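Peer 1: Please find work.cif (mmCIF, C-alpha atoms and all ligand atoms) on the next line:
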```
data_start
loop_
_atom_site.label_atom_id
_atom_site.label_comp_id
_atom_site.auth_asym_id
_atom_site.auth_seq_id
_atom_site.Cartn_x
_atom_site.Cartn_y
_atom_site.Cartn_z
CA MET A 133 -54.01 -72.85 -7.27
CA ALA A 134 -56.21 -69.77 -7.51
CA LYS A 135 -59.49 -69.95 -5.63
CA SER A 136 -62.77 -70.14 -7.50
CA GLU A 137 -65.33 -67.37 -7.25
CA GLN A 138 -67.55 -69.66 -5.17
CA GLU A 139 -64.76 -70.43 -2.68
CA ILE A 140 -63.91 -66.76 -2.27
CA LEU A 141 -67.60 -65.89 -1.82
CA GLU A 142 -67.98 -68.48 0.93
CA SER A 143 -64.93 -67.28 2.84
CA LEU A 144 -66.01 -63.65 2.44
CA GLY A 145 -69.45 -64.52 3.77
CA LYS A 146 -67.84 -66.04 6.86
CA ILE A 147 -65.57 -63.02 7.42
CA ILE A 148 -68.43 -60.55 7.00
CA ASN A 149 -70.62 -62.57 9.36
CA GLU A 150 -67.92 -62.61 12.04
CA ILE A 151 -67.33 -58.86 11.85
CA THR A 152 -70.85 -57.52 11.31
CA GLY A 153 -73.24 -60.33 12.27
CA ILE A 154 -74.85 -60.24 8.80
CA PRO A 155 -75.90 -63.80 7.77
CA ALA A 156 -73.31 -65.24 5.37
CA ALA A 157 -76.13 -66.25 3.00
CA ASP A 158 -76.98 -62.58 2.45
CA VAL A 159 -73.50 -61.97 1.05
CA THR A 160 -74.08 -62.44 -2.68
CA PRO A 161 -71.98 -61.02 -5.54
CA GLU A 162 -74.29 -58.24 -6.71
CA LYS A 163 -74.77 -56.77 -3.21
CA ASN A 164 -73.51 -53.27 -2.50
CA PHE A 165 -71.78 -53.08 0.90
CA VAL A 166 -72.97 -49.69 2.05
CA ASP A 167 -76.46 -49.44 0.52
CA GLU A 168 -77.65 -53.04 0.63
CA LEU A 169 -75.66 -54.73 3.39
CA ASP A 170 -75.53 -51.60 5.58
CA ILE A 171 -71.80 -52.04 6.24
CA ASP A 172 -69.97 -48.80 7.08
CA SER A 173 -66.47 -47.70 6.14
CA LEU A 174 -64.92 -48.82 9.43
CA SER A 175 -66.33 -52.34 9.14
CA MET A 176 -65.02 -52.33 5.56
CA VAL A 177 -61.52 -51.71 6.94
CA GLU A 178 -61.91 -54.66 9.33
CA ILE A 179 -63.22 -56.86 6.51
CA ALA A 180 -60.33 -55.81 4.25
CA VAL A 181 -57.79 -56.68 6.94
CA ALA A 182 -59.36 -60.09 7.53
CA ALA A 183 -59.55 -60.70 3.76
CA GLN A 184 -55.86 -59.79 3.39
CA ASP A 185 -54.92 -62.54 5.82
CA GLU A 186 -57.35 -65.06 4.36
CA PHE A 187 -56.50 -64.53 0.67
CA ASP A 188 -52.92 -63.31 0.95
CA VAL A 189 -53.54 -60.04 -0.93
CA GLU A 190 -52.87 -56.35 -0.11
CA ILE A 191 -55.98 -54.18 0.06
CA PRO A 192 -54.75 -50.63 0.80
CA ASP A 193 -57.20 -47.90 1.91
CA ASP A 194 -57.12 -46.08 -1.44
CA GLN A 195 -58.10 -49.29 -3.28
CA LEU A 196 -60.68 -50.21 -0.67
CA LYS A 197 -62.67 -47.09 -1.50
CA ASN A 198 -63.32 -48.45 -5.01
CA LEU A 199 -64.63 -51.81 -3.84
CA LYS A 200 -68.36 -51.11 -3.72
CA THR A 201 -69.88 -54.55 -4.22
CA VAL A 202 -69.09 -58.09 -3.13
CA LYS A 203 -68.23 -58.86 -6.77
CA ASP A 204 -65.69 -55.98 -6.78
CA VAL A 205 -63.88 -57.64 -3.89
CA ILE A 206 -63.94 -61.05 -5.54
CA ASN A 207 -62.51 -59.55 -8.75
CA PHE A 208 -59.83 -57.73 -6.77
CA ILE A 209 -58.78 -60.93 -5.01
CA GLN A 210 -58.72 -62.89 -8.27
CA ALA A 211 -56.76 -60.21 -10.19
CA MET B 1 -18.79 -44.32 41.39
CA ARG B 2 -21.68 -45.53 43.51
CA ILE B 3 -25.13 -46.44 42.25
CA THR B 4 -28.41 -46.30 44.13
CA GLN B 5 -30.21 -49.29 45.48
CA GLY B 6 -33.82 -49.25 44.37
CA ALA B 7 -36.97 -50.82 45.78
CA PRO B 8 -37.77 -54.48 45.08
CA GLY B 9 -40.98 -53.39 43.42
CA ALA B 10 -43.26 -50.45 42.74
CA ARG B 11 -47.01 -50.27 42.72
CA VAL B 12 -49.84 -47.88 42.05
CA LEU B 13 -51.08 -46.77 45.47
CA ALA B 14 -54.03 -44.69 44.29
CA PHE B 15 -55.77 -43.17 41.29
CA GLY B 16 -57.62 -39.87 40.97
CA HIS B 17 -59.40 -38.03 38.19
CA TYR B 18 -61.00 -34.77 37.23
CA GLN B 19 -63.39 -33.77 34.48
CA PRO B 20 -64.45 -30.24 33.65
CA ALA B 21 -68.06 -29.43 34.60
CA ASN B 22 -69.27 -28.60 31.09
CA VAL B 23 -71.00 -31.62 29.49
CA VAL B 24 -71.43 -31.36 25.71
CA THR B 25 -73.79 -33.81 24.01
CA ASN B 26 -73.67 -34.91 20.39
CA ASP B 27 -76.89 -33.02 19.72
CA GLU B 28 -75.32 -29.83 20.99
CA LEU B 29 -72.36 -30.31 18.63
CA ALA B 30 -74.77 -30.98 15.78
CA LYS B 31 -76.14 -27.47 16.18
CA THR B 32 -72.91 -25.95 14.87
CA ILE B 33 -71.22 -28.84 13.03
CA ASP B 34 -72.68 -30.91 10.16
CA THR B 35 -72.94 -34.17 12.12
CA SER B 36 -75.48 -36.26 14.01
CA ASP B 37 -75.88 -38.12 17.28
CA GLU B 38 -76.46 -41.33 15.30
CA TRP B 39 -73.24 -40.98 13.28
CA ILE B 40 -71.06 -40.23 16.30
CA ARG B 41 -72.53 -43.05 18.39
CA SER B 42 -72.18 -45.66 15.66
CA ARG B 43 -68.71 -44.70 14.37
CA VAL B 44 -66.98 -43.57 17.53
CA GLY B 45 -69.22 -44.61 20.45
CA ILE B 46 -69.32 -41.21 22.15
CA VAL B 47 -72.59 -39.97 23.66
CA GLU B 48 -71.22 -36.94 25.49
CA ARG B 49 -67.88 -35.40 26.41
CA ARG B 50 -66.57 -32.78 28.83
CA LEU B 51 -64.94 -29.54 27.67
CA ALA B 52 -62.97 -27.18 29.88
CA SER B 53 -64.04 -23.56 30.20
CA ALA B 54 -62.00 -20.76 28.64
CA GLY B 55 -60.12 -19.95 31.83
CA GLU B 56 -59.43 -23.57 32.81
CA THR B 57 -56.01 -24.85 31.67
CA GLU B 58 -54.55 -28.35 31.31
CA ILE B 59 -52.50 -27.50 34.43
CA ASP B 60 -55.71 -26.79 36.38
CA LEU B 61 -57.15 -30.16 35.32
CA ALA B 62 -53.90 -31.92 36.31
CA VAL B 63 -53.80 -30.26 39.73
CA GLN B 64 -57.36 -31.41 40.48
CA ALA B 65 -56.73 -35.03 39.42
CA GLY B 66 -53.28 -35.16 41.06
CA GLY B 67 -54.60 -33.73 44.32
CA LYS B 68 -57.29 -36.41 44.49
CA ALA B 69 -54.83 -39.24 43.83
CA MET B 70 -52.49 -37.86 46.53
CA ALA B 71 -55.34 -37.62 49.06
CA THR B 72 -56.49 -41.18 48.33
CA SER B 73 -52.94 -42.53 48.65
CA GLY B 74 -52.65 -41.21 52.21
CA LEU B 75 -49.23 -39.73 51.43
CA SER B 76 -48.45 -36.08 52.03
CA ALA B 77 -46.84 -33.66 49.59
CA ASP B 78 -43.50 -34.06 51.41
CA ASP B 79 -43.37 -37.74 50.48
CA PHE B 80 -43.07 -37.06 46.73
CA ASP B 81 -39.76 -36.59 44.97
CA LEU B 82 -40.81 -36.91 41.32
CA VAL B 83 -43.71 -35.59 39.23
CA ILE B 84 -44.30 -36.75 35.65
CA VAL B 85 -47.01 -35.25 33.47
CA ALA B 86 -48.10 -36.90 30.23
CA THR B 87 -49.68 -34.37 27.88
CA CYS B 88 -49.59 -33.24 24.25
CA THR B 89 -51.78 -30.15 24.53
CA MET B 90 -49.63 -27.71 26.51
CA GLU B 91 -50.15 -24.09 25.49
CA THR B 92 -46.52 -23.29 26.31
CA GLN B 93 -43.45 -25.04 24.93
CA ILE B 94 -41.65 -24.03 28.14
CA PRO B 95 -42.09 -24.16 31.08
CA ASN B 96 -43.30 -27.75 31.28
CA ALA B 97 -46.44 -28.82 33.13
CA ALA B 98 -44.85 -31.04 35.77
CA ALA B 99 -43.00 -28.33 37.73
CA GLN B 100 -46.11 -26.12 37.85
CA VAL B 101 -48.38 -28.98 38.88
CA ALA B 102 -45.94 -29.93 41.65
CA ASP B 103 -45.74 -26.37 42.89
CA ARG B 104 -49.51 -25.97 43.01
CA LEU B 105 -49.82 -29.23 44.95
CA GLY B 106 -47.21 -28.15 47.50
CA ILE B 107 -44.62 -30.74 46.45
CA GLN B 108 -41.27 -29.11 47.20
CA ALA B 109 -38.57 -29.22 44.51
CA PRO B 110 -39.28 -32.66 43.04
CA GLY B 111 -37.81 -33.92 39.80
CA ALA B 112 -40.34 -32.76 37.23
CA PHE B 113 -40.72 -33.59 33.56
CA ASP B 114 -43.36 -33.97 30.87
CA VAL B 115 -43.80 -36.92 28.55
CA ASN B 116 -45.17 -36.49 25.04
CA ALA B 117 -46.22 -39.79 23.56
CA ALA B 118 -49.70 -38.41 22.77
CA CYS B 119 -52.46 -40.86 23.67
CA ALA B 120 -49.89 -43.45 24.78
CA GLY B 121 -48.30 -40.91 27.15
CA PHE B 122 -49.72 -42.16 30.43
CA CYS B 123 -48.35 -45.69 29.98
CA TYR B 124 -44.92 -44.27 29.07
CA ALA B 125 -45.01 -42.04 32.15
CA LEU B 126 -46.11 -44.92 34.37
CA ALA B 127 -43.25 -47.06 33.05
CA ALA B 128 -40.79 -44.24 33.77
CA ALA B 129 -42.19 -43.90 37.32
CA ASN B 130 -41.95 -47.65 37.92
CA ASP B 131 -38.36 -47.73 36.68
CA ALA B 132 -37.40 -44.66 38.73
CA VAL B 133 -38.65 -46.23 41.95
CA ARG B 134 -37.04 -49.56 41.20
CA ALA B 135 -33.72 -47.95 40.28
CA GLY B 136 -33.71 -45.76 43.39
CA SER B 137 -34.08 -42.47 41.51
CA ALA B 138 -37.35 -41.69 43.31
CA THR B 139 -39.40 -42.92 46.27
CA ASN B 140 -42.92 -41.73 45.50
CA VAL B 141 -44.01 -40.44 42.13
CA LEU B 142 -47.07 -38.51 41.03
CA VAL B 143 -47.98 -39.44 37.46
CA VAL B 144 -50.62 -37.35 35.71
CA GLY B 145 -52.22 -37.53 32.27
CA THR B 146 -53.90 -34.24 31.36
CA GLU B 147 -55.27 -32.75 28.16
CA LYS B 148 -57.16 -29.71 27.06
CA PHE B 149 -57.72 -30.93 23.53
CA SER B 150 -60.48 -28.42 22.89
CA ASN B 151 -57.75 -25.79 22.36
CA TRP B 152 -56.17 -27.81 19.55
CA LEU B 153 -59.26 -28.64 17.51
CA ASP B 154 -60.62 -26.99 14.41
CA TRP B 155 -64.24 -26.67 15.52
CA THR B 156 -65.36 -26.66 11.89
CA ASP B 157 -63.66 -30.01 11.14
CA ARG B 158 -66.28 -32.63 11.93
CA SER B 159 -63.85 -35.53 11.56
CA THR B 160 -61.95 -34.48 14.70
CA ALA B 161 -64.18 -32.06 16.64
CA VAL B 162 -66.67 -34.78 17.57
CA ILE B 163 -63.98 -37.10 18.99
CA PHE B 164 -61.52 -35.31 21.27
CA ALA B 165 -62.21 -33.87 24.72
CA ASP B 166 -60.72 -32.53 27.96
CA GLY B 167 -59.92 -34.23 31.27
CA ALA B 168 -57.21 -35.51 33.60
CA GLY B 169 -56.32 -38.68 35.49
CA ALA B 170 -53.51 -39.37 37.94
CA ALA B 171 -51.74 -42.18 39.75
CA VAL B 172 -49.48 -42.29 42.78
CA VAL B 173 -46.62 -44.76 42.38
CA GLY B 174 -44.64 -45.85 45.42
CA ALA B 175 -42.11 -48.45 46.51
CA SER B 176 -43.25 -51.88 47.67
CA ASP B 177 -41.82 -55.27 48.56
CA THR B 178 -43.86 -57.03 45.93
CA PRO B 179 -44.22 -55.70 42.38
CA GLY B 180 -47.57 -54.21 41.37
CA ILE B 181 -46.53 -52.81 37.99
CA GLY B 182 -45.44 -55.21 35.26
CA PRO B 183 -42.77 -54.64 32.60
CA VAL B 184 -43.81 -52.27 29.84
CA ALA B 185 -44.27 -53.42 26.24
CA TRP B 186 -43.78 -50.36 24.07
CA GLY B 187 -42.99 -49.38 20.51
CA SER B 188 -43.62 -46.92 17.72
CA ALA B 189 -44.26 -46.59 13.99
CA GLY B 190 -42.60 -43.35 12.92
CA ASP B 191 -43.28 -44.14 9.26
CA LYS B 192 -46.87 -43.16 10.05
CA SER B 193 -45.98 -39.89 11.78
CA ASP B 194 -48.32 -37.94 9.47
CA ALA B 195 -51.37 -40.00 10.42
CA ILE B 196 -52.18 -37.91 13.51
CA ILE B 197 -50.52 -34.52 13.55
CA ILE B 198 -50.61 -30.95 14.81
CA ARG B 199 -48.31 -29.32 12.25
CA GLY B 200 -47.34 -26.14 14.03
CA ARG B 201 -48.25 -23.21 16.20
CA ASP B 202 -51.28 -22.02 14.32
CA SER B 203 -52.68 -25.35 13.25
CA PHE B 204 -55.01 -27.94 14.72
CA LEU B 205 -55.12 -31.68 15.08
CA GLN B 206 -55.54 -33.50 11.78
CA GLN B 207 -55.78 -37.23 11.30
CA GLU B 208 -56.10 -39.88 8.63
CA GLY B 209 -58.92 -41.70 10.36
CA GLN B 210 -58.90 -44.90 8.37
CA THR B 211 -55.14 -45.33 8.44
CA VAL B 212 -55.23 -45.00 12.22
CA PHE B 213 -58.25 -47.29 12.52
CA ARG B 214 -56.58 -49.98 10.43
CA TRP B 215 -53.34 -49.73 12.40
CA ALA B 216 -55.12 -49.76 15.75
CA THR B 217 -57.26 -52.79 14.94
CA THR B 218 -54.38 -54.85 13.54
CA ALA B 219 -50.97 -53.83 14.88
CA LEU B 220 -51.82 -53.28 18.53
CA TYR B 221 -53.15 -56.61 19.65
CA PRO B 222 -49.70 -58.30 19.56
CA ALA B 223 -48.25 -55.51 21.73
CA ALA B 224 -51.12 -55.80 24.21
CA LEU B 225 -50.50 -59.52 24.40
CA ALA B 226 -46.76 -58.89 24.84
CA ALA B 227 -47.48 -56.71 27.88
CA CYS B 228 -49.35 -59.66 29.42
CA GLU B 229 -46.63 -62.15 28.50
CA ARG B 230 -43.87 -59.93 29.91
CA ALA B 231 -45.73 -59.86 33.23
CA GLY B 232 -46.37 -63.61 33.15
CA VAL B 233 -50.11 -63.01 33.13
CA ASP B 234 -52.55 -64.82 30.87
CA PRO B 235 -55.32 -62.57 29.45
CA SER B 236 -57.84 -64.91 31.12
CA GLU B 237 -56.49 -63.76 34.51
CA LEU B 238 -57.17 -60.06 33.87
CA SER B 239 -60.00 -58.47 35.80
CA ALA B 240 -59.87 -55.27 33.75
CA PHE B 241 -58.73 -54.15 30.30
CA VAL B 242 -58.25 -50.40 30.09
CA PRO B 243 -57.14 -49.40 26.59
CA HIS B 244 -56.81 -45.79 25.46
CA GLN B 245 -60.32 -44.49 24.83
CA ALA B 246 -59.92 -43.55 21.15
CA ASN B 247 -62.93 -45.15 19.54
CA LEU B 248 -65.34 -47.76 20.92
CA ARG B 249 -64.97 -49.82 17.74
CA ILE B 250 -61.18 -49.99 18.25
CA ILE B 251 -61.67 -50.90 21.92
CA GLU B 252 -64.10 -53.70 21.02
CA ALA B 253 -61.85 -55.03 18.23
CA ILE B 254 -58.76 -55.28 20.46
CA ALA B 255 -60.79 -56.70 23.37
CA ARG B 256 -62.30 -59.35 21.08
CA LYS B 257 -58.85 -60.49 19.94
CA LEU B 258 -57.44 -60.43 23.46
CA GLY B 259 -60.21 -62.73 24.65
CA ALA B 260 -59.91 -61.71 28.30
CA GLU B 261 -63.22 -63.32 29.28
CA LYS B 262 -63.18 -62.23 32.91
CA ALA B 263 -62.07 -58.67 32.32
CA VAL B 264 -64.28 -55.61 32.61
CA VAL B 265 -63.49 -53.59 29.48
CA ALA B 266 -63.24 -49.81 29.96
CA ARG B 267 -65.80 -48.00 27.80
CA ASP B 268 -65.34 -44.59 29.36
CA ILE B 269 -65.22 -42.95 25.93
CA VAL B 270 -69.03 -43.09 25.88
CA HIS B 271 -69.25 -40.31 28.47
CA ALA B 272 -65.75 -38.80 28.41
CA GLY B 273 -64.77 -38.65 24.73
CA ASN B 274 -61.15 -39.18 23.66
CA THR B 275 -59.02 -37.41 26.27
CA SER B 276 -55.68 -38.63 24.89
CA ALA B 277 -53.04 -39.08 27.63
CA ALA B 278 -55.70 -38.67 30.31
CA SER B 279 -58.06 -41.38 29.09
CA ILE B 280 -56.55 -44.44 30.79
CA PRO B 281 -56.18 -43.13 34.37
CA LEU B 282 -59.49 -41.27 33.97
CA ALA B 283 -61.30 -44.43 32.90
CA LEU B 284 -59.76 -46.67 35.56
CA SER B 285 -60.22 -44.14 38.35
CA ARG B 286 -63.90 -43.87 37.43
CA MET B 287 -64.25 -47.66 37.31
CA ILE B 288 -62.73 -47.90 40.80
CA GLU B 289 -65.04 -45.14 42.05
CA ARG B 290 -68.10 -46.96 40.70
CA GLY B 291 -66.94 -50.23 42.29
CA GLU B 292 -66.70 -52.02 38.93
CA VAL B 293 -63.24 -53.44 39.65
CA GLU B 294 -61.80 -54.91 42.80
CA SER B 295 -58.67 -53.89 44.62
CA GLY B 296 -55.92 -56.47 44.02
CA GLY B 297 -57.23 -57.48 40.59
CA LEU B 298 -54.99 -57.30 37.54
CA ALA B 299 -55.60 -54.65 34.89
CA LEU B 300 -53.98 -54.34 31.47
CA LEU B 301 -53.42 -50.69 30.59
CA PHE B 302 -52.69 -50.04 26.92
CA GLY B 303 -52.12 -46.65 25.31
CA PHE B 304 -51.68 -45.82 21.60
CA GLY B 305 -51.79 -42.76 19.41
CA ALA B 306 -49.87 -40.12 17.51
CA GLY B 307 -46.26 -40.84 16.69
CA LEU B 308 -47.46 -43.40 16.12
CA THR B 309 -46.63 -44.72 19.58
CA TYR B 310 -47.94 -47.41 21.88
CA ALA B 311 -47.21 -48.79 25.34
CA GLY B 312 -48.89 -51.05 27.84
CA GLN B 313 -48.38 -52.81 31.14
CA VAL B 314 -50.24 -54.98 33.61
CA ILE B 315 -50.83 -53.43 37.02
CA GLU B 316 -52.43 -54.53 40.25
CA ILE B 317 -55.48 -52.34 40.92
CA PRO B 318 -54.99 -50.35 44.17
C1 LIG C 401 -62.41 -40.70 12.53
C2 LIG C 401 -63.31 -41.87 12.19
C3 LIG C 401 -64.44 -41.99 13.20
C4 LIG C 401 -63.93 -41.58 10.83
O1 LIG C 401 -64.70 -42.68 10.41
P1 LIG C 401 -64.59 -43.16 8.89
O2 LIG C 401 -65.60 -44.21 8.70
O3 LIG C 401 -63.17 -43.46 8.61
O4 LIG C 401 -65.05 -41.85 8.18
P2 LIG C 401 -64.76 -41.34 6.72
O5 LIG C 401 -63.82 -40.20 6.82
O6 LIG C 401 -64.47 -42.45 5.78
O7 LIG C 401 -66.18 -40.79 6.42
C5 LIG C 401 -67.31 -41.63 6.20
C6 LIG C 401 -68.47 -40.72 5.90
O8 LIG C 401 -68.88 -40.04 7.10
C7 LIG C 401 -68.81 -38.65 6.92
N1 LIG C 401 -68.40 -38.05 8.19
C8 LIG C 401 -67.15 -37.86 8.67
N2 LIG C 401 -67.20 -37.30 9.87
C9 LIG C 401 -68.49 -37.13 10.17
C10 LIG C 401 -69.18 -36.62 11.29
N3 LIG C 401 -68.55 -36.14 12.37
N4 LIG C 401 -70.53 -36.61 11.26
C11 LIG C 401 -71.21 -37.07 10.20
N5 LIG C 401 -70.62 -37.58 9.12
C12 LIG C 401 -69.27 -37.62 9.10
C13 LIG C 401 -67.83 -38.44 5.82
O9 LIG C 401 -68.00 -37.21 5.18
C14 LIG C 401 -68.12 -39.62 4.92
O10 LIG C 401 -69.28 -39.38 4.17
P3 LIG C 401 -69.41 -39.95 2.67
O11 LIG C 401 -69.28 -41.43 2.78
O12 LIG C 401 -70.78 -39.49 2.29
O13 LIG C 401 -68.29 -39.28 1.92
C15 LIG C 401 -62.53 -43.18 12.13
O14 LIG C 401 -61.73 -43.23 10.99
C16 LIG C 401 -61.68 -43.39 13.36
O15 LIG C 401 -62.13 -43.35 14.48
N6 LIG C 401 -60.38 -43.69 13.17
C17 LIG C 401 -59.48 -43.86 14.24
C18 LIG C 401 -59.03 -42.51 14.71
C19 LIG C 401 -58.56 -42.51 16.12
O16 LIG C 401 -58.94 -43.33 16.92
N7 LIG C 401 -57.72 -41.54 16.43
C20 LIG C 401 -57.21 -41.33 17.72
C21 LIG C 401 -56.11 -42.26 17.97
S1 LIG C 401 -55.39 -41.83 19.48
#
```
In structure tokens, what does this structure look like?

Peer 2:
Amino acid sequence: MAKSEQEILESLGKIINEITGIPAADVTPEKNFVDELDIDSLSMVEIAVAAQDEFDVEIPDDQLKNLKTVKDVINFIQA
Amino acid sequence: MRITQGAPGARVLAFGHYQPANVVTNDELAKTIDTSDEWIRSRVGIVERRLASAGETEIDLAVQAGGKAMATSGLSADDFDLVIVATCTMETQIPNAAAQVADRLGIQAPGAFDVNAACAGFCYALAAANDAVRAGSATNVLVVGTEKFSNWLDWTDRSTAVIFADGAGAAVVGASDTPGIGPVAWGSAGDKSDAIIIRGRDSFLQQEGQTVFRWATTALYPAALAACERAGVDPSELSAFVPHQANLRIIEAIARKLGAEKAVVARDIVHAGNTSAASIPLALSRMIERGEVESGGLALLFGFGAGLTYAGQVIEIP
């Protein structure tokens, strides 16, 4: 069964916390990774790799560039 | 036909290193390239690097490092019968580096060949040296990693110019009754051969940074673990982890997964930059010199880079 938005958000929060140390609670859908969460492109690669394993999706580098907000990632995983 | 009887084991008897005198800080680079100290420190981890002078060649660097390793080993030039140089920045296609390095160090007519596995080169060369001693093809081997990367960089390309640097490191490998060099775990990913490339004579190093970063932070940990397993060593027993000094973020990511709690992790990139095939012996030799690691401890060496190639082995620190 596909995961709900809330479930994905929670797992993403955990992944982002492990990689960057940002509190999981700060990871909310509208947040922009670079400007608001201060996550750089290399941490994004690490997050994408961890998300691939967690959600069983492929997130190639050229797609990753378009994922600007937490909501973008959730949509990508759900699509 | 007869075959040779090799030694029961081989070990690293000594390390040596050499860095060019010229220290170049991030701020100095920022004067001519559109970059900043903050960006380089946070993305790559480098604070300063060493660059060779115009007249100083990769052979010169290798001779300095090799000479120091030979002196520390207590062996004399006559004791060596094989010289292997790992490099990917030779100015000449032929002759190779190894024969010239041997000649300049007074080693008479040894077997001499170069290894090109880019930043993984030193671990490939060390594996070849280990196997040569154990198979009876050589008695004492000088293994050198040397690079003058500054000659192969486009100094207007900020994505590479801030990363790569010059230097050399060397190891003396000799026969022993007990093994001091574990089995190599090596491999390659030729489907990603374009990811780090110098296309031809008049071009410079180009890389797809994120492709390499993703590969390095995901595909390499299993190979590093395999090198431990092949040697029968648990990561918790390691006293040092010396990966290729490509990027501090890659080093930290692999070290985190490896979970070698006791191990000192080499972070030589901070002051040496990425010196490709030289980075591992350079880093470990400097750690030994500073007294950060103890003789007899186990170190996991792990190289990776263009090819893409990778190789690693556990060694006993001399
Ligand atoms: C090379 C590397 C540091 C680049 O980092 P990155 O985050 O992938 O960088 P990107 O190319 O995505 O660039 C991110 C931003 O920084 C900028 N940038 C790139 N190089 C820069 C530099 N030297 N100084 C300042 N800014 C720089 C880019 O222009 C880009 O800006 P933008 O977001 O405004 O467009 C990184 O990919 C890396 O280290 N990869 C591994 C490479 C490696 O280890 N190779 C050797 C293996 S042996």

Peer 1: If you measure from atom CA of Asp34 of chain B to atom CA of Glu48 of chain B, what distance in Å do you get, rounded to one decimal?

Peer 2: 16.5 Å

Peer 1: One decimal, Å: what's the distance from atom CA of Gly187 of chain B over to atom CA of Leu196 of chain A, could you say?

Peer 2: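 For atom CA of Gly187 of chain B relative to atom CA of Leu196 of chain A, the distance reads 27.6 Å.
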
Peer 1: Please identify all polymer residues lying at most 12 Å from the point (-51.9, -53.5, 0.7) (file coordinates), using all atoms listed in the file, and present the result as JSON, numbers by chain.

Peer 2: {"A": [177, 180, 181, 183, 184, 185, 187, 188, 189, 190, 191, 192, 193, 194, 195, 196, 208, 209], "B": [211, 214]}

Peer 1: Write out, as a PDB file, in the coordinates of the input, the residues just selected, with C-alpha atoms.

Peer 2:
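File written: result_16.pdb
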```pdb
ATOM      1  CA  VAL A 177     -61.520 -51.710   6.940  1.00  0.00           C
ATOM      2  CA  ALA A 180     -60.330 -55.810   4.250  1.00  0.00           C
ATOM      3  CA  VAL A 181     -57.790 -56.680   6.940  1.00  0.00           C
ATOM      4  CA  ALA A 183     -59.550 -60.700   3.760  1.00  0.00           C
ATOM      5  CA  GLN A 184     -55.860 -59.790   3.390  1.00  0.00           C
ATOM      6  CA  ASP A 185     -54.920 -62.540   5.820  1.00  0.00           C
ATOM      7  CA  PHE A 187     -56.500 -64.530   0.670  1.00  0.00           C
ATOM      8  CA  ASP A 188     -52.920 -63.310   0.950  1.00  0.00           C
ATOM      9  CA  VAL A 189     -53.540 -60.040  -0.930  1.00  0.00           C
ATOM     10  CA  GLU A 190     -52.870 -56.350  -0.110  1.00  0.00           C
ATOM     11  CA  ILE A 191     -55.980 -54.180   0.060  1.00  0.00           C
ATOM     12  CA  PRO A 192     -54.750 -50.630   0.800  1.00  0.00           C
ATOM     13  CA  ASP A 193     -57.200 -47.900   1.910  1.00  0.00           C
ATOM     14  CA  ASP A 194     -57.120 -46.080  -1.440  1.00  0.00           C
ATOM     15  CA  GLN A 195     -58.100 -49.290  -3.280  1.00  0.00           C
ATOM     16  CA  LEU A 196     -60.680 -50.210  -0.670  1.00  0.00           C
ATOM     17  CA  PHE A 208     -59.830 -57.730  -6.770  1.00  0.00           C
ATOM     18  CA  ILE A 209     -58.780 -60.930  -5.010  1.00  0.00           C
TER      19      ILE A 209
ATOM     20  CA  THR B 211     -55.140 -45.330   8.440  1.00  0.00           C
ATOM     21  CA  ARG B 214     -56.580 -49.980  10.430  1.00  0.00           C
TER      22      ARG B 214
END
```

Peer 1: Just checking: using only C-alpha atoms, which residue out of B:Thr72, B:Ser42, B:Gln64, B:Thr4 ends up closest to chain A?

Peer 2: B:Ser42

Peer 1: So that each row is one residue of chain A with an atom at most 9 Å from ligand LIG 401 (chain C), can you give its shortest atom pair and the distance in Å to one decimal, using all atoms listed in the file, rows by chain and rising number, as a tab-separated table?

Peer 2:
```
residue	atom	partner	partner_atom	distance
A:Asp172	CA	C:LIG401	O2	6.5
A:Ser173	CA	C:LIG401	O2	4.4
A:Leu174	CA	C:LIG401	O2	4.7
A:Ser175	CA	C:LIG401	O2	8.2
A:Met176	CA	C:LIG401	O2	8.7
A:Val177	CA	C:LIG401	O3	8.6
A:Lys197	CA	C:LIG401	O6	8.8
```

Peer 1: Which residues are near Leu169 of chain A? Cut-off 12 Å, only C-alpha atoms, ignore same chain within fewer than 4 positions. Put them as JSON, numbers by chain.

Peer 2: {"A": [145, 148, 149, 152, 153, 154, 155, 156, 157, 158, 159, 160, 161, 162, 163, 164, 165, 173, 175, 176, 200, 201, 202]}

Peer 1: Could you tell me, as a PyMOL selection string, which residues have any atom at most 8 Å from (-52.1, -46.7, 45.7), counting all atoms listed in the file?

Peer 2: chain B and resi 11-15+72-73+171-174+318

Peer 1: Ranking B:Phe213, B:Ala10, B:Ala227, B:Gln108 by minimum distance to Gly136 of chain B and counting only C-alpha atoms, which one comes first?

Peer 2: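 Closest to Gly136 of chain B, using only C-alpha atoms: B:Ala10.
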
Peer 1: At a cut-off of 10 Å, list the chain B residues touching chain A, using all atoms listed in the file, as an MDAnalysis selection string.

Peer 2: chainID B and resid 42:44 209:211 213:215 217:218 249:250 253

Peer 1: Take the residues from that selection and put them in a file with C-alpha atoms, as a short mmCIF file (atom, residue, chain, number, x, y, z; two decimals), in the frame of the given file.

Peer 2:
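Below is the file out.cif, written as the result:
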```
data_model
loop_
_atom_site.label_atom_id
_atom_site.label_comp_id
_atom_site.auth_asym_id
_atom_site.auth_seq_id
_atom_site.Cartn_x
_atom_site.Cartn_y
_atom_site.Cartn_z
CA SER B 42 -72.18 -45.66 15.66
CA ARG B 43 -68.71 -44.70 14.37
CA VAL B 44 -66.98 -43.57 17.53
CA GLY B 209 -58.92 -41.70 10.36
CA GLN B 210 -58.90 -44.90 8.37
CA THR B 211 -55.14 -45.33 8.44
CA PHE B 213 -58.25 -47.29 12.52
CA ARG B 214 -56.58 -49.98 10.43
CA TRP B 215 -53.34 -49.73 12.40
CA THR B 217 -57.26 -52.79 14.94
CA THR B 218 -54.38 -54.85 13.54
CA ARG B 249 -64.97 -49.82 17.74
CA ILE B 250 -61.18 -49.99 18.25
CA ALA B 253 -61.85 -55.03 18.23
#
```
